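A.B. asks: Contents of final.cif (mmCIF, C-alpha atoms) are below:
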```
data_model
loop_
_atom_site.label_atom_id
_atom_site.label_comp_id
_atom_site.auth_asym_id
_atom_site.auth_seq_id
_atom_site.Cartn_x
_atom_site.Cartn_y
_atom_site.Cartn_z
CA MET K 214 5.10 -114.59 189.48
CA ASP K 215 2.60 -115.07 192.28
CA ILE K 216 -0.24 -112.54 192.54
CA HIS K 217 0.59 -112.04 196.22
CA VAL K 218 4.09 -110.88 195.27
CA LEU K 219 2.50 -108.37 192.88
CA ILE K 220 0.22 -107.13 195.66
CA LEU K 221 3.08 -106.81 198.15
CA THR K 222 5.20 -105.01 195.57
CA PHE K 223 2.26 -102.71 194.79
CA LEU K 224 1.98 -101.79 198.49
CA ILE K 225 5.68 -100.97 198.74
CA ILE K 226 5.67 -98.84 195.57
CA PHE K 227 2.39 -97.16 196.61
CA MET K 228 3.95 -96.18 199.95
CA LEU K 229 7.23 -94.98 198.43
CA HIS K 230 5.41 -92.87 195.82
CA ASN K 231 3.17 -91.30 198.43
CA LEU K 232 6.15 -90.63 200.68
CA GLU K 233 7.93 -88.82 197.85
CA GLU K 234 4.86 -86.64 197.37
CA ILE K 235 4.36 -86.00 201.09
CA ILE K 236 8.02 -85.07 201.59
CA THR K 237 8.23 -82.75 198.58
CA ILE K 238 4.77 -81.19 198.16
CA GLU K 239 5.03 -78.35 200.67
CA ARG K 240 8.48 -77.20 199.60
CA TRP K 241 7.51 -77.48 195.90
CA PHE K 242 4.52 -75.19 196.38
CA LYS K 243 6.59 -72.67 198.36
CA ASN K 244 9.68 -72.60 196.16
CA THR K 245 8.85 -73.88 192.67
CA TYR K 246 5.19 -73.09 192.09
CA PRO K 247 5.51 -69.29 192.29
CA ARG K 248 8.32 -69.43 189.72
CA ILE K 249 6.47 -71.63 187.20
CA ARG K 250 2.88 -70.50 187.81
CA GLY K 251 2.87 -68.42 184.62
CA ARG K 252 3.50 -71.55 182.51
CA ILE K 253 0.20 -73.03 183.65
CA PRO K 254 -3.03 -72.25 181.76
CA VAL K 255 -5.24 -69.86 183.76
CA PRO K 256 -8.14 -72.30 184.34
CA VAL K 257 -5.70 -74.89 185.70
CA GLN K 258 -3.96 -72.23 187.82
CA LYS K 259 -7.19 -71.69 189.73
CA VAL K 260 -7.42 -75.38 190.60
CA ILE K 261 -3.75 -75.60 191.59
CA ASP K 262 -3.97 -72.37 193.60
CA ASP K 263 -6.49 -74.14 195.85
CA PHE K 264 -3.76 -76.63 196.75
CA SER K 265 -0.90 -74.14 196.95
CA ASN K 266 -1.08 -73.77 200.73
CA ILE K 267 -1.27 -77.49 201.45
CA THR K 268 1.08 -78.73 204.13
CA ALA K 269 2.81 -82.07 204.21
CA ALA K 270 0.52 -83.07 207.10
CA GLN K 271 -2.59 -82.18 205.10
CA PHE K 272 -1.33 -84.12 202.11
CA ALA K 273 -0.60 -87.07 204.41
CA VAL K 274 -4.26 -87.02 205.50
CA ALA K 275 -5.35 -87.23 201.85
CA VAL K 276 -2.92 -90.11 201.31
CA LEU K 277 -4.27 -91.84 204.43
CA MET K 278 -7.82 -91.73 203.07
CA ILE K 279 -6.71 -93.15 199.73
CA SER K 280 -4.56 -95.77 201.46
CA LEU K 281 -7.49 -96.97 203.57
CA VAL K 282 -9.60 -97.56 200.45
CA ALA K 283 -6.67 -99.24 198.69
CA SER K 284 -6.00 -101.48 201.70
CA LEU K 285 -9.63 -102.52 201.89
CA LEU K 286 -9.64 -103.42 198.19
CA LEU K 287 -6.44 -105.41 198.55
CA ILE K 288 -7.76 -107.32 201.57
CA ILE K 289 -10.93 -108.17 199.66
CA THR K 290 -8.85 -109.19 196.63
CA VAL K 291 -6.66 -111.54 198.65
CA THR K 292 -9.55 -113.12 200.56
CA THR K 293 -11.96 -113.51 197.63
CA GLN K 294 -9.55 -113.80 194.68
CA HIS K 295 -11.61 -111.18 192.82
CA TYR K 296 -8.58 -109.85 190.97
CA PHE K 297 -10.56 -107.22 189.09
CA LEU K 298 -10.49 -105.19 192.33
CA PHE K 299 -6.69 -105.18 192.28
CA LEU K 300 -6.68 -104.48 188.54
CA GLY K 301 -8.96 -101.46 189.02
CA LEU K 302 -6.88 -100.13 191.89
CA ASN K 303 -3.71 -100.59 189.89
CA MET K 304 -5.22 -98.90 186.82
CA LEU K 305 -6.08 -95.89 188.99
CA PHE K 306 -2.53 -95.84 190.36
CA ALA K 307 -1.11 -96.24 186.84
CA ILE K 308 -2.58 -92.87 185.86
CA ASN K 309 0.54 -91.48 187.56
CA ILE K 310 2.55 -92.86 184.63
CA PHE K 311 1.04 -90.11 182.51
CA THR K 312 0.28 -87.27 184.93
CA HIS K 313 3.60 -86.78 186.69
CA PRO K 314 5.93 -86.98 183.65
CA ILE K 315 3.60 -84.81 181.55
CA GLN K 316 3.44 -82.20 184.32
CA SER K 317 7.22 -82.19 184.60
CA LEU K 318 7.68 -81.89 180.85
CA LEU K 319 5.13 -79.10 180.45
CA LEU K 320 6.41 -77.16 183.45
CA ARG K 321 10.06 -77.98 182.68
CA CYS K 322 10.76 -78.80 186.33
CA TYR K 323 10.53 -81.49 188.94
CA THR K 324 7.00 -82.21 190.14
CA PRO K 325 6.32 -84.18 193.34
CA GLY K 326 6.08 -87.87 192.57
CA VAL K 327 7.81 -87.90 189.21
CA TRP K 328 10.89 -89.87 190.31
CA THR K 329 9.00 -92.78 191.85
CA THR K 330 6.65 -92.73 188.87
CA LEU K 331 9.47 -93.15 186.37
CA LEU K 332 11.69 -95.44 188.44
CA LEU K 333 9.08 -97.62 190.19
CA ILE K 334 5.50 -97.25 188.96
CA LEU K 335 6.28 -97.51 185.24
CA PRO K 336 8.47 -100.64 185.48
CA TYR K 337 6.07 -102.21 187.98
CA ASN K 338 3.12 -101.71 185.64
CA ILE K 339 4.98 -103.26 182.73
CA ILE K 340 5.53 -106.36 184.88
CA PHE K 341 2.01 -106.21 186.33
CA PHE K 342 0.20 -106.04 183.00
CA TYR K 343 2.53 -108.62 181.45
CA HIS K 344 1.78 -111.01 184.33
CA PHE K 345 -1.97 -110.42 184.11
CA TYR K 346 -1.80 -110.98 180.34
CA ILE K 347 0.23 -114.20 180.63
CA GLU K 348 -2.10 -115.53 183.34
CA GLY K 349 -5.13 -114.83 181.14
CA LEU K 350 -6.50 -112.26 183.58
CA LEU K 351 -6.75 -109.43 181.04
CA THR K 352 -10.09 -110.45 179.63
CA ARG K 353 -12.66 -107.95 178.41
CA ASN K 354 -14.84 -108.57 181.48
CA MET K 355 -11.89 -108.23 183.82
CA ILE K 356 -10.81 -104.93 182.23
CA LEU K 357 -14.36 -103.56 182.26
CA SER K 358 -14.81 -104.59 185.89
CA GLY K 359 -11.45 -103.00 186.72
CA LEU K 360 -12.53 -99.78 185.01
CA VAL K 361 -15.69 -99.74 187.14
CA VAL K 362 -13.58 -100.15 190.29
CA MET K 363 -11.28 -97.37 189.09
CA VAL K 364 -14.22 -95.00 188.55
CA ILE K 365 -15.75 -95.90 191.92
CA CYS K 366 -12.40 -95.20 193.64
CA MET K 367 -11.88 -91.77 192.05
CA PRO K 368 -14.30 -89.92 194.35
CA PHE K 369 -12.32 -91.24 197.33
CA VAL K 370 -9.23 -89.49 195.97
CA PHE K 371 -11.14 -86.20 195.78
CA LEU K 372 -12.77 -86.82 199.18
CA GLY K 373 -9.34 -87.40 200.70
CA HIS K 374 -8.17 -84.04 199.36
CA LYS K 375 -11.34 -82.30 200.62
CA ILE K 376 -10.85 -83.74 204.11
CA ALA K 377 -7.17 -82.73 204.00
CA GLU K 378 -8.12 -79.12 203.17
CA LYS K 379 -10.06 -78.91 206.41
CA TRP K 380 -7.22 -80.46 208.42
CA LYS K 381 -5.46 -77.47 209.94
#
```
Can you dump the structure from the file as structure tokens?
C.D. replies:
Amino acid sequence: MDIHVLILTFLIIFMLHNLEEIITIERWFKNTYPRIRGRIPVPVQKVIDDFSNITAAQFAVAVLMISLVASLLLIITVTTQHYFLFLGLNMLFAINIFTHPIQSLLLRCYTPGVWTTLLLILPYNIIFFYHFYIEGLLTRNMILSGLVVMVICMPFVFLGHKIAEKWK
């Protein structure tokens, strides 16, 4: 499989996952969160309460910020063939494989993003990591470089949410 097909597929899945979250986040916080709030440990409740009034538009702003960083990394990856950038971005995105299903299991309910995680992100990552392995791209240096990219990208996720909070 060509790396460009993996990148294009990543973009499509990234958009579909974010759309699921944008479409469902506001209704989930209004209808589901009050009902399940007691199942959440108190320290985590305080963090989630900060997001409980988020609108779909605000969440879309956060997604836009993250998408701009992701797009820049993908453009650089395609033009320079520095695939560790794509690996790091994908590793950050792959965190969803754990977060969304675990949230849904612990809360015993649907959480925004869980369907695209299970149906798209998980299978994609199996193919992605298999391809990178077969192509010899999963070297120690490549993984370490990808981890650095992942860590550098994390503040942009938080920054996107901070900017979204102010978007009223």
A.B. asks: Hey, can you check how far CA of Val362 in chain K sits from CA of Leu302 in chain K?
C.D. replies: 6.9 Å
A.B. asks: Translate the PyMOL selection byres ((chain K and resi 326) around 12), as applied to the file shown, into an explicit residue set as a ChimeraX atom specification.
C.D. replies: /K:226-238,241,306,309-317,322-325,327-334
A.B. asks: Taking all atoms listed in the file into account, name the residue in K:Ile365, K:Val276, K:Ala270, K:Leu287 that is nearest to Ile216 in chain K.
C.D. replies: K:Leu287
A.B. asks: Could you write out as JSON, numbers by chain the residues that the PyMOL selection byres ((chain K and resi 219) around 10) matches in the shown file?
C.D. replies: {"K": [214, 215, 216, 217, 218, 220, 221, 222, 223, 224, 225, 299, 337, 338, 340, 341, 344]}
A.B. asks: Tell me, in Å to one decimal, how far CA of Thr293 in chain K is from CA of Ile308 in chain K.
C.D. replies: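 Interatomic distance, CA of Thr293 in chain K to CA of Ile308 in chain K: 25.5 Å.
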A.B. asks: Between K:Ala273, K:Leu286, K:Ile253, K:Leu300, which is the closest to Leu350 in chain K once you count all atoms listed in the file?
C.D. replies: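 Among K:Ala273, K:Leu286, K:Ile253, K:Leu300, it is K:Leu300 that comes nearest to Leu350 in chain K.
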A.B. asks: How far is it from CA of His374 in chain K to CA of Ala275 in chain K, in Å with one decimal?
C.D. replies: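 Straight-line distance from CA of His374 in chain K to CA of Ala275 in chain K works out to 4.9 Å.
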A.B. asks: So which one's closest to Val282 in chain K, K:Met355, K:Val370, K:Ala377, K:Val260? Using only C-alpha atoms, please.
C.D. replies: K:Val370
A.B. asks: I want to know what sits within 10 Å of Leu298 in chain K, based on all atoms listed in the file, with residues of the same chain fewer than 4 positions away left out; could you give that as a list in words?
C.D. replies: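 Residues meeting the cut-off are Ala283, Leu285, Leu286, Leu287, Ile288, Ile289, Thr290, Val291, Thr293, Gln294, Leu302, Asn303, Met304, Met355, Ser358, Gly359, Leu360, Val361, Val362 and Met363 of chain K.
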A.B. asks: Could you write out the selected residues, including C-alpha atoms, as a tab-separated table (two decimals), in the coordinates of the input?
C.D. replies:
```tsv
chain	number	residue	atom	x	y	z
K	283	ALA	CA	-6.67	-99.24	198.69
K	285	LEU	CA	-9.63	-102.52	201.89
K	286	LEU	CA	-9.64	-103.42	198.19
K	287	LEU	CA	-6.44	-105.41	198.55
K	288	ILE	CA	-7.76	-107.32	201.57
K	289	ILE	CA	-10.93	-108.17	199.66
K	290	THR	CA	-8.85	-109.19	196.63
K	291	VAL	CA	-6.66	-111.54	198.65
K	293	THR	CA	-11.96	-113.51	197.63
K	294	GLN	CA	-9.55	-113.80	194.68
K	302	LEU	CA	-6.88	-100.13	191.89
K	303	ASN	CA	-3.71	-100.59	189.89
K	304	MET	CA	-5.22	-98.90	186.82
K	355	MET	CA	-11.89	-108.23	183.82
K	358	SER	CA	-14.81	-104.59	185.89
K	359	GLY	CA	-11.45	-103.00	186.72
K	360	LEU	CA	-12.53	-99.78	185.01
K	361	VAL	CA	-15.69	-99.74	187.14
K	362	VAL	CA	-13.58	-100.15	190.29
K	363	MET	CA	-11.28	-97.37	189.09
```
A.B. asks: Determine the nearest neighbour of Gly373 in chain K from the options K:Leu318, K:Ala307, K:Thr292, K:Ile279, counting all atoms listed in the file.
C.D. replies: K:Ile279
A.B. asks: Considering all atoms listed in the file, state which residue in the set K:Gly349, K:Phe297, K:Leu277, K:Tyr246 is at the smallest distance from Phe264 in chain K.
C.D. replies: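 Distance minimum relative to Phe264 in chain K lands on K:Tyr246.
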A.B. asks: Point out the residue among K:Leu335, K:Phe342, K:Lys243, K:Ile249 with the least atom-to-atom distance to Thr268 in chain K, counting all atoms listed in the file.
C.D. replies: K:Lys243
A.B. asks: Excluding Phe242 in chain K and residues on its chain fewer than 5 positions from it, collect all residues at most 8 Å away from it, counting only C-alpha atoms, and give them as a ChimeraX atom specification.
C.D. replies: /K:247,265-266
